[in-house]
$ cat upload28.txt   # compact mmCIF, C-alpha atoms
# COMPACT_ATOMS: atom_id res chain seq x y z
CA MET U 21 30.88 -28.42 -28.36
CA PRO U 22 28.25 -26.45 -26.39
CA THR U 23 26.87 -23.39 -28.12
CA THR U 24 26.69 -19.90 -26.60
CA GLU U 25 22.95 -20.37 -26.03
CA THR U 26 23.52 -23.68 -24.24
CA ARG U 27 26.13 -22.15 -21.93
CA ARG U 28 23.81 -19.22 -21.29
CA LYS U 29 20.96 -21.52 -20.26
CA ALA U 30 23.31 -23.52 -18.03
CA THR U 31 24.41 -20.31 -16.31
CA VAL U 32 20.78 -19.26 -15.68
CA VAL U 33 19.94 -22.69 -14.25
CA ALA U 34 23.00 -22.51 -12.00
CA LEU U 35 22.03 -19.09 -10.68
CA LEU U 36 18.47 -20.20 -9.98
CA ARG U 37 19.69 -23.29 -8.19
CA THR U 38 22.14 -21.29 -6.09
CA THR U 39 19.36 -18.84 -5.16
CA VAL U 40 17.02 -21.62 -4.06
CA LEU U 41 19.73 -23.24 -1.96
CA SER U 42 20.59 -19.88 -0.35
CA LEU U 43 16.93 -19.35 0.59
CA LEU U 44 16.82 -22.82 2.11
CA ALA U 45 19.91 -22.00 4.14
CA ALA U 46 18.44 -18.70 5.33
CA VAL U 47 15.30 -20.45 6.64
CA ALA U 48 17.31 -23.16 8.35
CA ALA U 49 19.70 -20.64 9.91
CA VAL U 50 17.04 -19.00 12.05
CA GLY U 51 15.81 -22.35 13.37
CA VAL U 52 12.46 -22.16 11.57
CA ALA U 53 12.97 -25.37 9.64
CA ALA U 54 12.91 -28.42 11.90
CA GLY U 55 13.75 -31.00 9.23
CA PRO U 56 17.13 -31.80 7.70
CA ALA U 57 18.65 -30.00 4.76
CA VAL U 58 18.43 -32.38 1.79
CA ALA U 59 20.56 -32.20 -1.35
CA ALA U 60 18.88 -32.06 -4.72
CA ASP U 61 19.90 -35.65 -5.50
CA GLY U 62 18.90 -36.86 -2.04
CA ASP U 63 22.32 -38.38 -1.15
CA VAL U 64 23.21 -35.94 1.65
CA ALA U 65 21.14 -35.00 4.69
CA TRP U 66 21.98 -33.68 8.11
CA THR U 67 20.29 -31.95 11.02
CA VAL U 68 21.44 -29.60 13.77
CA ARG U 69 20.03 -28.98 17.24
CA THR U 70 21.06 -27.40 20.52
CA ALA U 71 22.88 -29.52 23.06
CA SER U 72 21.20 -30.35 26.38
CA ASN U 73 23.17 -28.85 29.25
CA SER U 74 22.91 -26.32 32.07
CA TYR U 75 21.36 -23.79 29.67
CA GLY U 76 18.40 -26.12 29.06
CA ALA U 77 17.10 -28.94 26.90
CA ASP U 78 15.16 -28.88 23.62
CA ARG U 79 15.99 -25.24 23.00
CA SER U 80 14.95 -23.89 19.60
CA SER U 81 17.88 -21.45 19.58
CA TYR U 82 20.61 -20.02 21.79
CA SER U 83 19.90 -17.03 24.03
CA TYR U 84 22.30 -15.50 26.56
CA ASN U 85 22.68 -12.50 28.87
CA VAL U 86 26.38 -11.69 29.25
CA ASN U 87 28.28 -8.75 30.70
CA PRO U 88 31.18 -7.18 28.80
CA GLY U 89 34.23 -9.39 29.19
CA GLY U 90 32.07 -12.47 29.88
CA VAL U 91 32.39 -15.90 28.27
CA VAL U 92 29.75 -18.42 27.19
CA GLU U 93 30.47 -22.08 26.43
CA ASP U 94 27.81 -24.20 24.71
CA ALA U 95 27.50 -26.85 22.02
CA MET U 96 25.59 -27.83 18.88
CA VAL U 97 24.66 -31.42 18.00
CA VAL U 98 24.99 -32.43 14.33
CA ALA U 99 23.44 -35.66 13.01
CA ASN U 100 24.29 -37.36 9.71
CA ARG U 101 21.11 -38.78 8.15
CA GLY U 102 22.77 -39.75 4.87
CA PRO U 103 24.35 -43.04 3.68
CA ALA U 104 27.93 -41.73 3.54
CA ALA U 105 30.41 -40.02 5.85
CA LEU U 106 29.92 -36.28 5.94
CA LYS U 107 32.53 -33.56 6.42
CA LEU U 108 31.09 -30.17 7.34
CA SER U 109 32.73 -26.81 7.91
CA VAL U 110 31.72 -24.95 11.07
CA TYR U 111 31.76 -21.17 11.60
CA ALA U 112 29.86 -18.31 13.26
CA ALA U 113 28.36 -15.27 11.55
CA ASP U 114 26.48 -12.05 12.28
CA GLY U 115 22.78 -11.90 11.54
CA PHE U 116 20.69 -9.36 9.63
CA THR U 117 17.06 -8.86 8.60
CA THR U 118 16.32 -9.43 4.91
CA GLY U 119 13.92 -7.41 2.78
CA ALA U 120 11.36 -10.19 3.26
CA GLY U 121 11.51 -9.73 7.04
CA GLN U 122 13.45 -12.95 7.71
CA LEU U 123 16.64 -13.38 9.69
CA ASP U 124 19.65 -14.42 7.62
CA LEU U 125 23.32 -14.93 8.42
CA LEU U 126 26.32 -13.55 6.60
CA THR U 127 28.13 -15.92 4.29
CA ARG U 128 31.64 -16.97 5.20
CA ASP U 129 33.26 -14.51 2.78
CA LYS U 130 31.56 -11.54 4.53
CA LYS U 131 33.19 -9.94 7.58
CA SER U 132 31.37 -10.25 10.92
CA VAL U 133 32.00 -7.70 13.67
CA ALA U 134 29.88 -9.00 16.57
CA ILE U 135 28.74 -12.55 17.30
CA GLY U 136 30.42 -13.83 14.16
CA ALA U 137 33.72 -12.41 15.47
CA TRP U 138 33.20 -13.31 19.14
CA ALA U 139 32.03 -16.94 18.71
CA HIS U 140 34.46 -19.72 17.77
CA ALA U 141 33.78 -23.42 17.36
CA GLY U 142 36.11 -25.98 18.91
CA SER U 143 37.05 -27.06 15.39
CA ASP U 144 36.66 -25.51 11.94
CA SER U 145 35.21 -28.77 10.60
CA VAL U 146 33.60 -31.99 11.76
CA VAL U 147 33.39 -35.48 10.21
CA ILE U 148 30.27 -37.51 10.97
CA GLN U 149 29.74 -41.13 10.01
CA PRO U 150 26.39 -42.31 8.55
CA GLY U 151 23.67 -42.49 11.18
CA LYS U 152 25.90 -40.94 13.84
CA THR U 153 25.89 -37.62 15.71
CA ALA U 154 28.69 -35.33 16.83
CA GLN U 155 28.70 -32.59 19.40
CA VAL U 156 30.39 -29.39 18.28
CA PRO U 157 31.38 -27.14 21.21
CA PHE U 158 31.72 -23.40 20.73
CA ARG U 159 32.81 -20.48 22.88
CA ILE U 160 31.60 -16.85 22.84
CA SER U 161 34.03 -14.32 24.31
CA VAL U 162 32.45 -10.88 24.71
CA PRO U 163 35.01 -8.04 24.55
CA ASP U 164 35.50 -5.84 27.60
CA ASN U 165 34.49 -2.77 25.57
CA ALA U 166 31.40 -4.34 23.96
CA THR U 167 28.51 -1.87 23.69
CA PRO U 168 25.48 -2.88 25.81
CA GLY U 169 22.46 -4.11 23.87
CA ASP U 170 21.21 -6.91 21.64
CA TYR U 171 23.22 -8.86 19.08
CA VAL U 172 22.00 -11.63 16.79
CA GLY U 173 24.04 -14.14 14.82
CA GLY U 174 24.37 -17.90 14.47
CA ILE U 175 26.56 -20.97 14.49
CA LEU U 176 26.57 -22.69 11.08
CA THR U 177 27.48 -25.96 9.43
CA THR U 178 28.23 -25.80 5.71
CA LEU U 179 28.81 -28.27 2.91
CA THR U 180 30.43 -27.24 -0.36
CA GLN U 181 29.64 -29.46 -3.33
CA ALA U 182 31.00 -29.12 -6.85
CA ASN U 183 28.51 -29.29 -9.70
CA GLN U 184 30.53 -30.80 -12.53
CA ALA U 185 27.85 -30.25 -15.16
CA GLU U 186 27.50 -26.54 -14.44
CA GLY U 187 31.08 -25.88 -13.31
CA ILE U 188 30.17 -24.17 -10.02
CA ASN U 189 30.46 -24.82 -6.29
CA VAL U 190 27.25 -24.81 -4.26
CA ASP U 191 27.33 -24.02 -0.52
CA ARG U 192 24.53 -25.41 1.61
CA ARG U 193 24.21 -24.05 5.13
CA LEU U 194 22.32 -25.21 8.20
CA GLY U 195 22.65 -23.54 11.57
CA ILE U 196 21.06 -22.22 14.75
CA ARG U 197 20.39 -18.63 15.80
CA ILE U 198 22.29 -17.01 18.67
CA LYS U 199 20.74 -14.03 20.48
CA LEU U 200 23.05 -12.26 22.88
CA ARG U 201 22.23 -9.37 25.22
CA VAL U 202 25.31 -7.59 26.54
CA GLY U 203 24.74 -6.19 30.00
CA GLY U 204 24.62 -2.46 30.65
CA GLU U 205 22.14 0.35 30.09
CA LEU U 206 19.45 -0.77 27.67
CA ALA U 207 18.06 2.08 25.53
CA PRO U 208 15.33 0.68 23.27
CA ASN U 209 13.99 3.18 20.76
CA LEU U 210 12.21 3.24 17.41
CA ALA U 211 11.92 6.32 15.20
CA ILE U 212 9.55 7.16 12.36
CA GLU U 213 11.39 8.73 9.42
CA ASP U 214 10.72 9.87 5.84
CA PHE U 215 6.97 10.24 6.50
CA HIS U 216 4.69 11.04 3.52
CA VAL U 217 0.97 10.98 2.69
CA ARG U 218 -0.45 10.99 -0.85
CA TYR U 219 -4.11 11.29 -1.86
CA ASP U 220 -5.70 9.54 -4.85
CA GLY U 221 -9.07 11.02 -5.73
CA THR U 222 -12.20 9.73 -7.46
CA LEU U 223 -14.17 10.79 -10.54
CA ASN U 224 -17.23 11.26 -8.36
CA PRO U 225 -17.17 14.98 -7.42
CA PHE U 226 -18.89 14.19 -4.11
CA GLY U 227 -17.14 10.86 -3.43
CA LYS U 228 -14.26 9.81 -1.23
CA GLY U 229 -10.82 8.61 -2.29
CA ASP U 230 -7.86 6.70 -0.91
CA ALA U 231 -4.70 7.90 0.78
CA THR U 232 -1.32 6.16 0.80
CA VAL U 233 0.82 6.68 3.89
CA SER U 234 4.50 5.71 3.77
CA TYR U 235 7.31 5.96 6.30
CA ARG U 236 10.43 4.19 7.55
CA ILE U 237 10.81 2.54 10.96
CA HIS U 238 14.37 2.95 12.22
CA ASN U 239 15.74 1.15 15.26
CA THR U 240 17.88 3.90 16.77
CA GLY U 241 18.34 2.15 20.12
CA ASN U 242 20.47 -0.78 21.24
CA ALA U 243 17.77 -3.44 21.67
CA ALA U 244 16.02 -5.66 19.13
CA LEU U 245 12.46 -4.36 18.73
CA SER U 246 9.24 -5.00 16.88
CA GLY U 247 6.17 -2.78 17.17
CA GLN U 248 2.44 -2.21 16.86
CA GLN U 249 1.33 0.38 14.31
CA ASP U 250 -1.71 2.63 14.02
CA VAL U 251 -2.27 5.06 11.13
CA SER U 252 -5.05 7.62 10.60
CA VAL U 253 -5.82 10.41 8.13
CA SER U 254 -7.92 13.49 8.89
CA GLY U 255 -8.90 16.88 7.51
CA PRO U 256 -8.25 20.31 9.05
CA PHE U 257 -8.58 20.51 12.86
CA GLY U 258 -8.78 16.69 13.09
CA MET U 259 -12.15 16.50 11.35
CA LEU U 260 -13.28 13.60 9.12
CA ARG U 261 -10.69 11.25 10.64
CA VAL U 262 -10.32 7.80 9.06
CA ARG U 263 -8.22 4.98 10.51
CA ALA U 264 -6.34 2.43 8.44
CA ASP U 265 -7.16 -1.25 8.68
CA GLU U 266 -5.05 -3.41 10.96
CA ILE U 267 -1.37 -3.14 10.02
CA ALA U 268 1.01 -6.10 10.19
CA ALA U 269 3.79 -5.73 12.74
CA PRO U 270 7.27 -5.17 11.34
CA PRO U 271 9.86 -7.90 11.88
CA GLU U 272 12.06 -7.67 14.95
CA LEU U 273 14.62 -5.09 13.90
CA LEU U 274 18.17 -5.27 15.16
CA PRO U 275 19.86 -2.06 16.38
CA GLY U 276 20.55 0.20 13.42
CA GLU U 277 18.19 -1.59 11.02
CA SER U 278 15.27 0.03 9.14
CA TRP U 279 11.97 -1.21 7.70
CA ASP U 280 9.87 0.57 5.04
CA VAL U 281 6.10 0.67 5.59
CA THR U 282 3.31 1.53 3.12
CA VAL U 283 -0.26 1.76 4.44
CA PRO U 284 -3.41 2.29 2.33
CA VAL U 285 -6.23 4.28 3.97
CA HIS U 286 -9.63 3.99 2.28
CA GLY U 287 -12.63 6.31 2.36
CA VAL U 288 -10.78 9.59 2.83
CA THR U 289 -12.71 12.80 2.26
CA PRO U 290 -10.80 15.30 0.06
CA ALA U 291 -10.64 18.05 2.65
CA VAL U 292 -8.04 20.14 0.75
CA ARG U 293 -5.33 19.71 3.42
CA LEU U 294 -4.82 16.29 5.01
CA ALA U 295 -2.94 15.33 8.15
CA SER U 296 -1.72 11.75 8.60
CA THR U 297 -0.67 10.49 12.01
CA ALA U 298 1.31 7.30 12.66
CA THR U 299 1.60 5.85 16.15
CA LEU U 300 4.25 3.19 16.77
CA THR U 301 4.37 1.22 20.03
CA PRO U 302 7.76 -0.55 20.39
CA LEU U 303 7.65 -4.14 21.66
CA LEU U 304 10.63 -5.43 23.65
CA THR U 305 11.08 -9.19 24.13
CA ASP U 306 13.24 -10.44 27.02
CA ALA U 307 15.21 -13.69 27.29
CA SER U 308 12.19 -15.57 28.69
CA GLY U 309 10.11 -14.67 25.64
CA SER U 310 7.73 -12.23 27.38
CA THR U 311 6.96 -9.00 25.53
CA THR U 312 6.74 -5.51 27.03
CA SER U 313 5.08 -2.51 25.37
CA LEU U 314 7.13 0.68 25.55
CA LYS U 315 6.14 4.34 25.26
CA PRO U 316 4.49 5.00 21.86
CA VAL U 317 6.24 7.10 19.23
CA GLN U 318 4.13 9.43 17.08
CA ALA U 319 4.74 11.40 13.89
CA THR U 320 2.56 13.54 11.59
CA ALA U 321 2.78 14.38 7.89
CA HIS U 322 0.63 16.67 5.70
CA GLY U 323 -0.49 16.47 2.10
CA TRP U 324 -2.92 18.04 -0.33
CA ALA U 325 -6.28 16.44 -1.10
CA LEU U 326 -8.10 18.69 -3.57
CA PRO U 327 -11.49 17.46 -4.81
CA TRP U 328 -10.54 17.96 -8.44
CA MET U 329 -13.85 17.02 -10.04
CA LEU U 330 -15.83 19.16 -7.61
CA THR U 331 -13.32 21.97 -8.05
CA LEU U 332 -13.65 21.69 -11.83
CA ALA U 333 -17.44 21.72 -11.58
CA LEU U 334 -17.31 24.81 -9.35
CA VAL U 335 -14.91 26.52 -11.74
CA VAL U 336 -17.24 25.79 -14.66
CA LEU U 337 -20.26 27.02 -12.67
CA ILE U 338 -18.44 30.20 -11.63
CA ALA U 339 -17.35 30.75 -15.23
CA VAL U 340 -20.95 30.37 -16.42
CA LEU U 341 -22.23 32.78 -13.76
CA VAL U 342 -19.54 35.33 -14.51
CA GLY U 343 -20.22 34.97 -18.22
CA ALA U 344 -23.94 35.47 -17.65
CA VAL U 345 -23.33 38.59 -15.57
CA LEU U 346 -20.92 40.02 -18.13
CA TYR U 347 -23.33 39.20 -20.96
CA ARG U 348 -26.18 40.89 -19.10
CA ARG U 349 -24.08 43.98 -18.41
CA ARG U 350 -22.98 44.13 -22.01
CA SER U 351 -26.55 43.74 -23.28
CA ARG U 352 -27.74 46.45 -20.90
CA SER U 353 -24.92 48.75 -22.03
CA GLN U 354 -25.75 48.10 -25.68
CA ARG U 355 -29.46 48.82 -25.08
CA ARG U 356 -28.56 52.05 -23.25
CA THR U 357 -26.27 53.07 -26.10
CA ARG U 358 -29.00 52.39 -28.66
CA GLU U 359 -31.56 54.28 -26.56
CA ASP U 360 -29.22 57.27 -26.20
CA ALA U 361 -28.62 57.27 -29.95
CA ARG U 362 -32.38 57.11 -30.61
CA VAL U 363 -32.99 60.04 -28.26
CA ARG U 364 -30.23 62.10 -29.92
CA ASP U 365 -31.68 61.35 -33.34
CA ALA U 366 -35.17 62.32 -32.21
CA VAL U 367 -33.91 65.59 -30.69
CA ALA U 368 -31.91 66.41 -33.76
CA GLN U 369 -34.91 65.71 -36.01
CA ALA U 370 -37.16 67.90 -33.81
CA LEU U 371 -34.65 70.76 -33.99
CA ARG U 372 -34.45 70.52 -37.73
CA GLY U 373 -38.28 70.62 -37.93
CA GLN U 374 -38.44 73.79 -35.82
CA GLY U 375 -35.78 75.43 -37.93
CA ALA U 376 -37.73 74.74 -41.10
CA GLN U 377 -40.97 76.21 -39.67
CA THR U 378 -39.14 79.37 -38.54
CA ALA U 379 -37.69 79.89 -41.96
$ encode --input "upload28.txt" --output "structure tokens"
Amino acid sequence: MPTTETRRKATVVALLRTTVLSLLAAVAAVGVAAGPAVAADGDVAWTVRTASNSYGADRSSYSYNVNPGGVVEDAMVVANRGPAALKLSVYAADGFTTGAGQLDLLTRDKKSVAIGAWAHAGSDSVVIQPGKTAQVPFRISVPDNATPGDYVGGILTTLTQANQAEGINVDRRLGIRIKLRVGGELAPNLAIEDFHVRYDGTLNPFGKGDATVSYRIHNTGNAALSGQQDVSVSGPFGMLRVRADEIAAPPELLPGESWDVTVPVHGVTPAVRLASTATLTPLLTDASGSTTSLKPVQATAHGWALPWMLTLALVVLIAVLVGAVLYRRRSRSQRRTREDARVRDAVAQALRGQGAQTA
């Protein structure tokens, strides 16, 4: 009978395996992986590709421009590379950007509200014989009240396999991305939010330190956007300006999505009060793949940059000077007091001498 420790290890292995398979599915879903998804034991393999039709041949993904109320009909080709017949489930899902900057698709148990709800395959499942291919048609019906802008999702094939040893079901997914632009007024816009700058000094009282600039890029428009970034840090009145090294572009953010950015800036002079400026140029990609630069967005944040070691040295120097002045004044006062006492004693002694002579 398995012990508690054995069951615990089996659970950890199962979780790790599920995570790896999910990552594989996420990569395949955005059409990055060209090869087939292969099971751990190598007995199942299949590939997916776009069908060749009036929309084009050898497409890496699906891309459409549709007006509200419009309909798109297309197909996906699935090939069985394994030695046995393969039954796959087929469904559509909304897309989202992961924390690693990759596109992923919602799992079947999560509710889709856009492409995942508008797209429907001709059948919920498909059976493919070894070495054969099958064409899976699907239809996208855009609602009449659909908001103009960009939507991203995908059409997926899934295989659920039971792991008898670990007592779990493992879903493996392979699909193709769908990018849909609903006609109407396009309002692309990126905003810079939660902007901060922090200074980290140096032990050298006359040296320079580093600044860390952080902010959030928020897609507040209705188009999928990436962007070019430029960050600088300066002292009062724009003096002693230092620019950050080249900054990697954020992933293409879907409408409503956000991306956190942290930028190090080296060689910053501690000018007491710093001003950091971030300039973000949105990049809009059309259906043909060409990119257009939009009007830059700019934001500024302030932070303190006190030269602590230099300040401490100045404080010590001022304390020494003040101490020296106070000591000198005190010594002078003490000498004056002693001199006054000596004069009083001398006068008193002289008066006593005169009194004695008179007597």
$ closest_residue --input "upload28.txt" --among "U:Leu106, U:Arg352, U:Gly241, U:Met96" --to "Lys152 (chain U)" --atoms "only C-alpha atoms"
U:Leu106
$ closest_residue --input "upload28.txt" --among "U:Gly255, U:Pro290, U:Gly76, U:Gly136" --to "Asp230 (chain U)" --atoms "all atoms listed in the file"
U:Pro290
$ atom_distance --input "upload28.txt" --atom1 "CA of Glu213 (chain U)" --atom2 "CA of Tyr235 (chain U)"
5.8 Å
$ atom_distance --input "upload28.txt" --atom1 "CA of Arg349 (chain U)" --atom2 "CA of Asp365 (chain U)"
24.1 Å
$ atom_distance --input "upload28.txt" --atom1 "CA of Leu123 (chain U)" --atom2 "CA of Thr232 (chain U)"
28.0 Å
$ residues_around --input "upload28.txt" --residues "Thr118 (chain U)" --least-positions-apart "5" --cutoff "10 Å" --atoms "only C-alpha atoms" --output "list in words"
Ala46, Leu123, Asp124, Leu125, Pro271 and Trp279 of chain U
$ closest_residue --input "upload28.txt" --among "U:Gln149, U:Gln318, U:Ser161, U:Thr311" --to "Ala137 (chain U)" --atoms "all atoms listed in the file"
U:Ser161
$ closest_residue --input "upload28.txt" --among "U:Thr312, U:Ser234, U:Asn85, U:Gln181" --to "Gly203 (chain U)" --atoms "only C-alpha atoms"
U:Asn85
